[in-house]
$ cat data-v1.txt   # compact mmCIF, C-alpha atoms and all ligand atoms
# COMPACT_ATOMS: atom_id res chain seq x y z
CA MET F 1 -12.63 207.94 7.53
CA LYS F 2 -12.39 211.72 7.23
CA LYS F 3 -8.61 211.61 7.68
CA ARG F 4 -8.31 208.95 5.01
CA GLN F 5 -10.50 210.90 2.56
CA GLN F 6 -8.42 214.01 3.25
CA GLN F 7 -5.26 212.04 2.50
CA ASP F 8 -6.73 210.65 -0.74
CA ARG F 9 -7.60 214.23 -1.72
CA THR F 10 -3.97 215.27 -1.05
CA VAL F 11 -2.66 212.50 -3.31
CA ASN F 12 -5.23 213.32 -6.02
CA ALA F 13 -4.44 217.03 -5.77
CA ALA F 14 -0.76 216.27 -6.22
CA VAL F 15 -1.52 214.20 -9.29
CA LYS F 16 -3.80 216.96 -10.66
CA ASN F 17 -0.99 219.43 -10.14
CA THR F 18 0.71 217.70 -13.01
CA ASN F 19 1.83 219.99 -15.80
CA GLU F 20 3.00 219.01 -19.18
CA ASN F 21 5.78 221.23 -20.46
CA ARG F 22 6.41 222.10 -24.11
CA SER F 23 8.57 219.04 -24.75
CA GLY F 24 5.74 216.78 -23.50
CA VAL F 25 7.62 215.85 -20.31
CA LYS F 26 5.31 215.67 -17.29
CA THR F 27 6.29 217.66 -14.20
CA PHE F 28 4.80 217.44 -10.72
CA LYS F 29 4.74 219.60 -7.62
CA GLY F 30 6.21 218.51 -4.30
CA PRO F 31 9.28 218.54 -2.06
CA GLY F 32 11.40 216.33 -4.35
CA LEU F 33 14.15 218.22 -6.14
CA ARG F 34 13.92 216.52 -9.53
CA LYS F 35 11.97 218.65 -11.98
CA GLU F 36 10.86 215.79 -14.17
CA ASN F 37 10.61 212.02 -14.18
CA ILE F 38 13.96 210.56 -15.34
CA PRO F 39 13.56 206.77 -15.42
CA ASN F 40 16.69 204.72 -14.93
CA PRO F 41 16.63 202.32 -17.93
CA LYS F 42 18.15 199.59 -15.73
CA HIS F 43 15.40 199.90 -13.10
CA LYS F 44 13.60 196.57 -12.58
CA ARG F 45 9.87 197.20 -12.07
CA ASN F 46 8.97 194.03 -10.15
CA LYS F 47 12.26 193.15 -8.49
CA TRP F 48 11.19 193.27 -4.85
CA ARG F 49 7.72 191.91 -5.58
CA ASN F 50 9.19 188.83 -7.26
CA ILE F 51 11.72 188.19 -4.48
CA ARG F 52 9.00 188.69 -1.88
CA TRP F 53 6.50 186.38 -3.56
CA ALA F 54 9.19 183.68 -3.93
CA ILE F 55 10.01 183.87 -0.20
CA LEU F 56 6.33 183.90 0.77
CA LEU F 57 5.70 180.84 -1.38
CA PHE F 58 8.80 179.11 -0.02
CA PHE F 59 7.75 179.40 3.63
CA ASN F 60 4.15 178.38 3.01
CA VAL F 61 5.22 175.38 0.93
CA LEU F 62 7.76 174.51 3.63
CA PHE F 63 4.92 174.29 6.19
CA PHE F 64 3.12 171.87 3.90
CA ALA F 65 6.26 169.86 3.04
CA SER F 66 7.29 169.56 6.70
CA PHE F 67 3.93 168.03 7.55
CA TYR F 68 3.38 165.97 4.41
CA PHE F 69 6.87 164.45 4.23
CA ASP F 70 7.37 164.54 8.02
CA ILE F 71 10.72 166.35 7.66
CA GLN F 72 10.15 168.53 10.75
CA VAL F 73 11.79 171.69 9.40
CA LEU F 74 8.88 174.10 9.84
CA GLU F 75 6.05 172.46 11.75
CA GLY F 76 2.63 173.83 12.64
CA SER F 77 1.05 176.86 11.00
CA LEU F 78 1.53 180.63 11.05
CA SER F 79 -0.20 181.05 14.42
CA ALA F 80 2.20 178.70 16.21
CA SER F 81 5.06 176.74 14.73
CA ARG F 82 8.50 175.25 15.29
CA LEU F 83 11.38 176.14 12.99
CA LEU F 84 14.11 173.50 13.38
CA GLY F 85 12.79 172.86 16.86
CA PHE F 86 12.59 176.55 17.91
CA HIS F 87 9.14 177.71 18.96
CA LEU F 88 7.61 180.60 17.00
CA ILE F 89 4.29 182.11 18.03
CA ASP F 90 2.36 184.97 16.52
CA PRO F 91 2.38 187.69 19.23
CA PHE F 92 -1.35 188.43 18.93
CA ALA F 93 -2.21 184.72 19.19
CA ALA F 94 0.14 184.42 22.18
CA ILE F 95 -1.50 187.28 24.10
CA GLN F 96 -4.94 185.79 23.38
CA VAL F 97 -3.83 182.39 24.72
CA ILE F 98 -2.35 183.96 27.86
CA LEU F 99 -5.50 186.01 28.50
CA SER F 100 -7.90 183.15 27.80
CA SER F 101 -5.99 180.49 29.76
CA ARG F 102 -4.53 182.87 32.36
CA ILE F 103 -1.42 180.69 32.33
CA LEU F 104 2.03 181.87 31.30
CA MET F 105 3.52 178.88 29.49
CA VAL F 106 7.31 178.84 29.02
CA ASN F 107 7.12 177.72 25.38
CA LEU F 108 4.69 180.53 24.65
CA VAL F 109 7.06 183.11 26.08
CA ILE F 110 10.08 181.66 24.25
CA GLY F 111 8.14 181.56 20.95
CA THR F 112 6.89 185.13 21.30
CA VAL F 113 10.29 186.52 22.26
CA THR F 114 11.90 184.68 19.31
CA VAL F 115 9.34 186.16 16.90
CA PHE F 116 9.86 189.59 18.47
CA ILE F 117 13.63 189.40 17.86
CA ILE F 118 13.26 188.01 14.33
CA TYR F 119 10.91 190.81 13.29
CA ILE F 120 12.97 193.57 14.88
CA VAL F 121 15.72 192.41 12.53
CA LEU F 122 13.43 191.90 9.53
CA GLY F 123 11.27 195.00 9.91
CA GLY F 124 7.98 194.39 11.80
CA ARG F 125 5.19 194.13 9.25
CA THR F 126 7.49 192.24 6.89
CA PHE F 127 5.41 189.38 8.30
CA CYS F 128 2.42 190.79 6.40
CA SER F 129 3.94 191.19 2.96
CA TRP F 130 6.70 188.55 3.03
CA VAL F 131 5.05 185.66 4.88
CA CYS F 132 1.25 186.04 5.18
CA PRO F 133 -0.64 184.06 2.50
CA TYR F 134 -3.72 186.29 2.84
CA HIS F 135 -1.60 189.29 1.83
CA TRP F 136 -0.63 187.48 -1.36
CA LEU F 137 -4.23 186.60 -2.24
CA ALA F 138 -5.28 190.17 -1.45
CA GLU F 139 -2.59 191.52 -3.77
CA LEU F 140 -4.11 189.49 -6.60
CA GLY F 141 -7.59 190.69 -5.57
CA GLU F 142 -6.30 194.25 -5.62
CA LYS F 143 -5.33 193.86 -9.27
CA ILE F 144 -8.90 192.81 -10.12
CA ASN F 145 -10.26 195.71 -8.03
CA LEU F 146 -8.08 198.22 -9.88
CA PHE F 147 -9.06 196.70 -13.23
CA LEU F 148 -12.77 197.08 -12.38
CA LYS F 149 -12.23 200.56 -10.98
CA LYS F 150 -10.49 201.73 -14.13
CA ARG F 151 -13.55 200.66 -16.08
CA LYS F 152 -15.79 202.42 -13.55
CA ILE F 153 -17.50 199.12 -12.65
CA VAL F 154 -16.71 199.48 -8.93
CA ARG F 155 -16.05 202.45 -6.66
CA SER F 156 -13.61 202.67 -3.79
CA HIS F 157 -14.78 202.90 -0.19
CA SER F 158 -12.57 203.51 2.79
CA PHE F 159 -12.85 202.97 6.54
CA ASP F 160 -11.13 204.44 9.53
CA ARG F 161 -7.71 202.85 10.09
CA LYS F 162 -8.39 202.90 13.83
CA PHE F 163 -10.66 199.86 13.37
CA ARG F 164 -7.52 197.69 13.47
CA TYR F 165 -6.65 198.90 16.95
CA LEU F 166 -10.28 198.57 18.07
CA PHE F 167 -10.36 194.96 16.79
CA TYR F 168 -7.06 194.28 18.55
CA ALA F 169 -8.43 195.48 21.88
CA LEU F 170 -11.86 193.89 21.33
CA PHE F 171 -10.51 190.39 20.65
CA LEU F 172 -8.13 190.57 23.60
CA ILE F 173 -11.02 191.53 25.86
CA LEU F 174 -13.13 188.71 24.38
CA ALA F 175 -10.30 186.22 25.06
CA LEU F 176 -10.15 187.40 28.68
CA ILE F 177 -13.91 187.29 29.23
CA THR F 178 -14.77 184.09 27.37
CA GLY F 179 -11.62 182.08 28.10
CA PHE F 180 -11.53 181.29 24.39
CA THR F 181 -9.33 182.62 21.56
CA VAL F 182 -12.33 184.02 19.67
CA PHE F 183 -10.34 185.73 16.92
CA GLU F 184 -8.75 182.46 15.85
CA THR F 185 -12.19 181.29 14.68
CA ILE F 186 -12.27 184.06 12.06
CA ASN F 187 -8.57 184.63 11.49
CA PRO F 188 -8.07 184.38 7.70
CA VAL F 189 -4.29 184.14 8.11
CA SER F 190 -4.34 180.97 10.20
CA ALA F 191 -7.34 179.65 8.21
CA ILE F 192 -5.30 179.71 5.00
CA SER F 193 -2.12 178.56 6.71
CA ARG F 194 -3.85 175.57 8.32
CA SER F 195 -5.61 174.75 5.05
CA ILE F 196 -2.28 174.67 3.23
CA VAL F 197 -0.86 172.25 5.79
CA TYR F 198 -3.82 170.07 6.81
CA GLY F 199 -6.26 170.51 3.90
CA PRO F 200 -9.14 172.91 3.16
CA SER F 201 -11.56 173.91 5.91
CA LEU F 202 -14.95 175.63 5.87
CA LEU F 203 -13.28 178.84 7.07
CA LEU F 204 -12.04 179.30 3.52
CA ILE F 205 -15.59 180.45 2.66
CA TRP F 206 -14.99 183.40 4.98
CA VAL F 207 -11.64 184.09 3.29
CA VAL F 208 -13.30 184.11 -0.14
CA ALA F 209 -16.05 186.44 1.17
CA LEU F 210 -13.39 188.84 2.44
CA LEU F 211 -11.63 188.81 -0.91
CA VAL F 212 -14.88 189.44 -2.80
CA PHE F 213 -15.61 192.35 -0.43
CA GLU F 214 -12.18 193.82 -1.17
CA ILE F 215 -12.56 193.37 -4.92
CA LEU F 216 -16.05 194.84 -5.17
CA TYR F 217 -16.22 197.35 -2.34
CA SER F 218 -13.03 198.40 -0.60
CA ARG F 219 -9.47 197.95 -1.91
CA ARG F 220 -7.33 195.86 0.48
CA ALA F 221 -9.86 196.46 3.28
CA TRP F 222 -8.80 193.65 5.61
CA CYS F 223 -5.05 194.47 5.73
CA ARG F 224 -5.64 198.23 5.65
CA TYR F 225 -8.44 198.71 8.16
CA PHE F 226 -9.26 195.57 10.12
CA CYS F 227 -6.58 192.92 10.59
CA PRO F 228 -5.38 192.90 14.21
CA VAL F 229 -2.59 190.38 13.47
CA GLY F 230 -0.55 193.11 11.78
CA VAL F 231 -0.88 195.45 14.77
CA SER F 232 1.68 193.56 16.90
CA TYR F 233 4.12 193.52 14.00
CA GLN F 234 3.43 197.23 13.44
CA LEU F 235 4.55 197.97 17.01
CA ILE F 236 7.68 195.83 16.55
CA GLY F 237 8.31 197.66 13.26
CA LEU F 238 8.69 200.96 15.11
CA LEU F 239 11.93 199.59 16.57
CA ALA F 240 13.20 197.94 13.39
CA PRO F 241 16.03 199.74 11.58
CA LEU F 242 15.11 198.27 8.16
CA ARG F 243 13.10 201.03 6.50
CA VAL F 244 12.33 202.63 3.17
CA LYS F 245 14.62 205.62 2.57
CA TRP F 246 13.56 208.60 0.47
CA ASN F 247 16.13 210.42 -1.61
CA LYS F 248 14.96 214.02 -2.11
CA GLU F 249 17.44 214.69 -4.94
CA ASN F 250 16.01 211.88 -7.10
CA CYS F 251 12.30 212.42 -6.39
CA SER F 252 10.24 213.97 -9.20
CA ASN F 253 7.09 214.15 -7.02
CA CYS F 254 5.05 211.87 -9.26
CA LYS F 255 3.40 210.15 -6.22
CA ARG F 256 3.16 206.79 -7.96
CA CYS F 257 4.66 205.29 -4.80
CA GLN F 258 1.56 206.29 -2.85
CA ASN F 259 -0.74 204.89 -5.51
CA VAL F 260 0.67 201.37 -5.09
CA CYS F 261 1.16 201.46 -1.31
CA LEU F 262 -1.11 199.51 1.05
CA VAL F 263 -0.72 202.31 3.59
CA PRO F 264 -0.05 205.46 1.51
CA HIS F 265 -0.14 207.75 4.56
CA VAL F 266 3.24 206.36 5.69
CA LEU F 267 4.94 208.09 2.74
CA LYS F 268 3.30 211.44 3.47
CA ASP F 269 6.08 212.93 5.59
CA SER F 270 8.57 212.22 2.83
CA VAL F 271 6.95 212.61 -0.59
CA ASN F 272 4.23 215.09 0.41
CA LYS F 273 5.98 217.20 3.03
CA GLY F 274 9.68 216.48 2.56
CA THR F 275 10.20 216.43 6.33
CA LYS F 276 11.48 212.85 6.71
CA GLU F 277 14.22 210.91 5.01
CA TYR F 278 12.88 207.55 6.21
CA VAL F 279 9.44 205.98 6.29
CA ASP F 280 9.23 205.76 10.06
CA SER F 281 5.72 204.38 10.49
CA GLY F 282 5.47 200.83 11.79
CA ALA F 283 2.52 200.37 9.40
CA CYS F 284 4.93 200.09 6.45
CA THR F 285 5.08 196.42 5.47
CA ARG F 286 8.48 196.75 3.75
CA CYS F 287 6.82 195.23 0.67
CA GLY F 288 9.06 197.16 -1.72
CA LEU F 289 6.22 198.04 -4.14
CA CYS F 290 7.04 201.75 -3.82
CA ILE F 291 10.70 201.00 -4.61
CA ASP F 292 9.69 198.89 -7.61
CA ILE F 293 7.40 201.57 -9.06
CA CYS F 294 9.80 204.50 -8.55
CA ASP F 295 11.93 204.44 -11.67
CA ASP F 296 13.53 207.73 -10.57
CA GLU F 297 15.12 205.50 -7.91
CA ALA F 298 14.27 207.89 -5.13
CA LEU F 299 13.36 205.05 -2.77
CA GLU F 300 15.42 202.17 -1.42
CA PHE F 301 15.63 199.79 1.53
CA SER F 302 18.09 201.07 4.11
CA LEU F 303 19.06 200.53 7.74
CA LYS F 304 18.17 203.64 9.71
CA TYR F 305 20.85 204.62 12.25
CA LEU F 306 23.12 201.83 10.97
CA ASP F 307 23.57 202.93 7.34
CA LYS F 308 26.03 205.65 8.40
CA ILE F 309 28.11 203.16 10.40
CA ILE F 310 28.08 200.13 8.08
S1 LIG F 401 7.49 207.37 -7.00
FE1 LIG F 401 9.59 208.12 -6.60
S2 LIG F 401 9.71 210.00 -7.75
FE2 LIG F 401 7.53 209.52 -7.57
S3 LIG F 401 6.91 210.66 -5.71
FE3 LIG F 401 7.42 208.58 -5.11
S4 LIG F 401 9.56 208.75 -4.45
FE4 LIG F 401 9.14 210.56 -5.66
S1 LIG F 402 5.92 202.52 2.00
FE1 LIG F 402 6.63 201.18 0.34
S2 LIG F 402 7.46 199.37 1.40
FE2 LIG F 402 6.15 200.47 2.87
S3 LIG F 402 4.13 199.53 2.64
FE3 LIG F 402 4.17 201.31 1.27
S4 LIG F 402 4.78 200.47 -0.72
FE4 LIG F 402 5.32 198.92 0.84
$ encode --input "data-v1.txt" --output "structure tokens" --more "lines below"
Ligand code: SF4
Ligand code: SF4
Amino acid sequence: MKKRQQQDRTVNAAVKNTNENRSGVKTFKGPGLRKENIPNPKHKRNKWRNIRWAILLFFNVLFFASFYFDIQVLEGSLSASRLLGFHLIDPFAAIQVILSSRILMVNLVIGTVTVFIIYIVLGGRTFCSWVCPYHWLAELGEKINLFLKKRKIVRSHSFDRKFRYLFYALFLILALITGFTVFETINPVSAISRSIVYGPSLLLIWVVALLVFEILYSRRAWCRYFCPVGVSYQLIGLLAPLRVKWNKENCSNCKRCQNVCLVPHVLKDSVNKGTKEYVDSGACTRCGLCIDICDDEALEFSLKYLDKII
């Protein structure tokens, strides 16, 4: 919690360091080389968000359509599914099943390896922002939270990000001890996914409670501090070449990218310290919100290691 508060203070300090010069143009301090914000008039503010939401909607509707019309394109739900007959299994769910059943099923291994390969190509936590329906609902909740915060109706509270890793370990241990995939009984991701496909379940009450908690108490709390599902994808993301690239020459140090980011600490080495050209943290969900907001066009999606070859 301390680390997080310290980081928030860094972002706030950077914003407070704002000066307004005689011509009324705002300038900011930081490692970026641009002295002032120079918006590209052709910059599209919600480009990546709109593409991302369309893809997220497409896959979740495809789950429903495959079941409802029996077209067998994408069967199952986000925990375990079959895409055109190929098994896909969420890595965290797969480890829980292996630990609880103590059996290594071939389909489970194939499904996990397939997901592993897909997300190395796509960028790890792209699962969170491009596929997960809870992420989408939480993004809408975040807008309400920010609206209420602006009017000083709610205050922001943070937690230690390590809770996600603790939850990850805790639910794996519980699966091993109880022989039961305990997390799946409270997993909001599969609860929503299954409700989309098979109809609403009582678990949706838990999902609504989580959203209310995020709106009234802690911005994006589940995805930021607690969700263990994203941890597997975070580890995969460390190997994925698709990353956000920071262009020092274009950056005017405004820090708006950190204000919109689910995990603002991942931009620290670039926009706060100027020591990294790429966002290397696996926690980055490749959501593109930072790219959308940066009208200086200092951020873009790029393939680390491969961009110099291709
Ligand atoms: S939004 Fe763009 S210009 Fe502003 S700090 Fe971030 S990268 Fe730099
Ligand atoms: S760094 Fe950018 S792409 Fe990554 S999570 Fe933050 S806003 Fe999204």
$ residues_near_ligand --input "data-v1.txt" --ligand "ligand LIG 402 (chain F)" --cutoff "8 Å" --atoms "only C-alpha atoms and all ligand atoms" --output "list in words"
Arg243, Val244, Cys257, Gln258, Val260, Cys261, Leu262, Val263, Pro264, Val266, Leu267, Val279, Ala283, Cys284, Thr285, Arg286, Cys287, Gly288, Leu289, Cys290 and Ile291 of chain F
$ write_last_selection --input "data-v1.txt" --atoms "C-alpha atoms" --output "short mmCIF file (atom, residue, chain, number, x, y, z; two decimals), in the frame of the given file"
data_model
loop_
_atom_site.label_atom_id
_atom_site.label_comp_id
_atom_site.auth_asym_id
_atom_site.auth_seq_id
_atom_site.Cartn_x
_atom_site.Cartn_y
_atom_site.Cartn_z
CA ARG F 243 13.10 201.03 6.50
CA VAL F 244 12.33 202.63 3.17
CA CYS F 257 4.66 205.29 -4.80
CA GLN F 258 1.56 206.29 -2.85
CA VAL F 260 0.67 201.37 -5.09
CA CYS F 261 1.16 201.46 -1.31
CA LEU F 262 -1.11 199.51 1.05
CA VAL F 263 -0.72 202.31 3.59
CA PRO F 264 -0.05 205.46 1.51
CA VAL F 266 3.24 206.36 5.69
CA LEU F 267 4.94 208.09 2.74
CA VAL F 279 9.44 205.98 6.29
CA ALA F 283 2.52 200.37 9.40
CA CYS F 284 4.93 200.09 6.45
CA THR F 285 5.08 196.42 5.47
CA ARG F 286 8.48 196.75 3.75
CA CYS F 287 6.82 195.23 0.67
CA GLY F 288 9.06 197.16 -1.72
CA LEU F 289 6.22 198.04 -4.14
CA CYS F 290 7.04 201.75 -3.82
CA ILE F 291 10.70 201.00 -4.61
#
$ closest_atom_pairs --input "data-v1.txt" --of "range 181-280 of chain F" --to "range 25-36 of chain F" --cutoff "12 Å" --atoms "all atoms listed in the file" --output "tab-separated table"
residue	atom	partner	partner_atom	distance
F:Trp246	CA	F:Gly32	CA	9.4
F:Asn247	CA	F:Gly32	CA	8.1
F:Lys248	CA	F:Gly32	CA	4.8
F:Glu249	CA	F:Leu33	CA	5.0
F:Asn250	CA	F:Arg34	CA	5.6
F:Cys251	CA	F:Gly32	CA	4.5
F:Ser252	CA	F:Arg34	CA	4.5
F:Asn253	CA	F:Gly30	CA	5.2
F:Cys254	CA	F:Phe28	CA	5.8
F:Lys255	CA	F:Phe28	CA	8.7
F:Arg256	CA	F:Phe28	CA	11.1
F:Lys268	CA	F:Pro31	CA	10.8
F:Asp269	CA	F:Pro31	CA	10.0
F:Ser270	CA	F:Pro31	CA	8.0
F:Val271	CA	F:Pro31	CA	6.5
F:Asn272	CA	F:Gly30	CA	6.1
F:Lys273	CA	F:Pro31	CA	6.2
F:Gly274	CA	F:Pro31	CA	5.1
F:Thr275	CA	F:Pro31	CA	8.7
F:Lys276	CA	F:Pro31	CA	10.7
F:Glu277	CA	F:Gly32	CA	11.2
$ residues_around --input "data-v1.txt" --residues "Gly124 in chain F" --least-positions-apart "4" --cutoff "8 Å" --atoms "only C-alpha atoms" --output "PyMOL selection string"
chain F and resi 119-120+233-238+240+282+285
$ atom_distance --input "data-v1.txt" --atom1 "CA of Ala93 in chain F" --atom2 "CA of Phe183 in chain F"
8.5 Å
$ axis_aligned_box --input "data-v1.txt" --around "range 172-177 of chain F" --padding-each-side "5 Å" --output "JSON"
{"center_x": -11.0, "center_y": 188.9, "center_z": 26.4, "size_x": 15.8, "size_y": 15.3, "size_z": 15.6}
$ residues_near_point --input "data-v1.txt" --point "(-15.7, 201.0, -5.5)" --cutoff "7 Å" --atoms "all atoms listed in the file" --output "JSON, numbers by chain"
{"F": [149, 154, 155, 156, 157, 216, 217, 218]}
$ closest_residue --input "data-v1.txt" --among "F:Ala169, F:Leu303, F:Ala298, F:Cys223" --to "ligand LIG 401 (chain F)" --atoms "all atoms listed in the file"
F:Ala298
$ closest_residue --input "data-v1.txt" --among "F:Ile38, F:Ile153, F:Ile55, F:Ile110" --to "ligand LIG 401 (chain F)" --atoms "all atoms listed in the file"
F:Ile38
$ closest_residue --input "data-v1.txt" --among "F:Trp136, F:Tyr305, F:Phe116, F:Tyr278" --to "Lys245 in chain F" --atoms "only C-alpha atoms"
F:Tyr278
$ atom_distance --input "data-v1.txt" --atom1 "CA of Ser158 in chain F" --atom2 "CA of Ala191 in chain F"
25.0 Å
$ atom_distance --input "data-v1.txt" --atom1 "atom S2 of ligand LIG 401 (chain F)" --atom2 "CA of Val231 in chain F"
28.8 Å
$ residues_around --input "data-v1.txt" --residues "Leu56 in chain F" --least-positions-apart "4" --cutoff "7 Å" --atoms "all atoms listed in the file" --output "compact mmCIF listing (two decimals) with C-alpha atoms, in the coordinates of the input"
# COMPACT_ATOMS: atom_id res chain seq x y z
CA ARG F 52 9.00 188.69 -1.88
CA ASN F 60 4.15 178.38 3.01
CA TRP F 130 6.70 188.55 3.03
CA VAL F 131 5.05 185.66 4.88
$ residues_around --input "data-v1.txt" --residues "Ile196 in chain F" --least-positions-apart "5" --cutoff "12 Å" --atoms "all atoms listed in the file" --output "list in words"
Leu57, Phe59, Asn60, Val61, Leu62, Phe63, Phe64, Ala65, Ser66, Phe67, Tyr68, Gly76, Ser77, Leu78, Pro133, Tyr134, Val189, Ser190, Ala191, Ser201 and Leu204 of chain F
$ residues_near_point --input "data-v1.txt" --point "(9.5, 187.7, 16.1)" --cutoff "8 Å" --atoms "all atoms listed in the file" --output "tab-separated table (two decimals) with C-alpha atoms, keeping the file's coordinate frame"
chain	number	residue	atom	x	y	z
F	88	LEU	CA	7.61	180.60	17.00
F	89	ILE	CA	4.29	182.11	18.03
F	90	ASP	CA	2.36	184.97	16.52
F	91	PRO	CA	2.38	187.69	19.23
F	111	GLY	CA	8.14	181.56	20.95
F	112	THR	CA	6.89	185.13	21.30
F	113	VAL	CA	10.29	186.52	22.26
F	114	THR	CA	11.90	184.68	19.31
F	115	VAL	CA	9.34	186.16	16.90
F	116	PHE	CA	9.86	189.59	18.47
F	117	ILE	CA	13.63	189.40	17.86
F	118	ILE	CA	13.26	188.01	14.33
F	119	TYR	CA	10.91	190.81	13.29
F	120	ILE	CA	12.97	193.57	14.88
$ closest_residue --input "data-v1.txt" --among "F:Gly123, F:Leu104, F:Asp296, F:Leu306" --to "ligand LIG 401 (chain F)" --atoms "all atoms listed in the file"
F:Asp296
$ closest_residue --input "data-v1.txt" --among "F:Leu108, F:Leu174, F:Ile103, F:Ala209" --to "Ala138 in chain F" --atoms "all atoms listed in the file"
F:Ala209
$ residues_around --input "data-v1.txt" --residues "Leu172 in chain F" --least-positions-apart "3" --cutoff "9 Å" --atoms "all atoms listed in the file" --output "VMD selection string"
chain F and resid 92 95 to 96 99 to 100 167 to 169 175 to 177 181 to 183
$ residues_around --input "data-v1.txt" --residues "His43 in chain F" --least-positions-apart "5" --cutoff "9 Å" --atoms "only C-alpha atoms" --output "JSON, numbers by chain"
{"F": [292, 294, 295, 296, 297]}
$ decode --input "data-v1.txt" --residues "range 53-65 of chain F" --atoms "C-alpha atoms" --output "PDB file, in the first residue's frame"
ATOM      1  CA  TRP F  53     -14.446  -3.219 -27.115  1.00  0.00           C
ATOM      2  CA  ALA F  54     -15.636  -4.488 -30.522  1.00  0.00           C
ATOM      3  CA  ILE F  55     -13.353  -7.539 -30.277  1.00  0.00           C
ATOM      4  CA  LEU F  56     -14.340  -8.189 -26.658  1.00  0.00           C
ATOM      5  CA  LEU F  57     -18.007  -8.023 -27.587  1.00  0.00           C
ATOM      6  CA  PHE F  58     -17.447 -10.235 -30.639  1.00  0.00           C
ATOM      7  CA  PHE F  59     -15.871 -13.095 -28.668  1.00  0.00           C
ATOM      8  CA  ASN F  60     -18.404 -12.987 -25.856  1.00  0.00           C
ATOM      9  CA  VAL F  61     -21.324 -12.917 -28.304  1.00  0.00           C
ATOM     10  CA  LEU F  62     -19.658 -15.757 -30.229  1.00  0.00           C
ATOM     11  CA  PHE F  63     -19.725 -17.906 -27.067  1.00  0.00           C
ATOM     12  CA  PHE F  64     -23.449 -17.238 -26.754  1.00  0.00           C
ATOM     13  CA  ALA F  65     -24.167 -17.736 -30.479  1.00  0.00           C
TER      14      ALA F  65
END
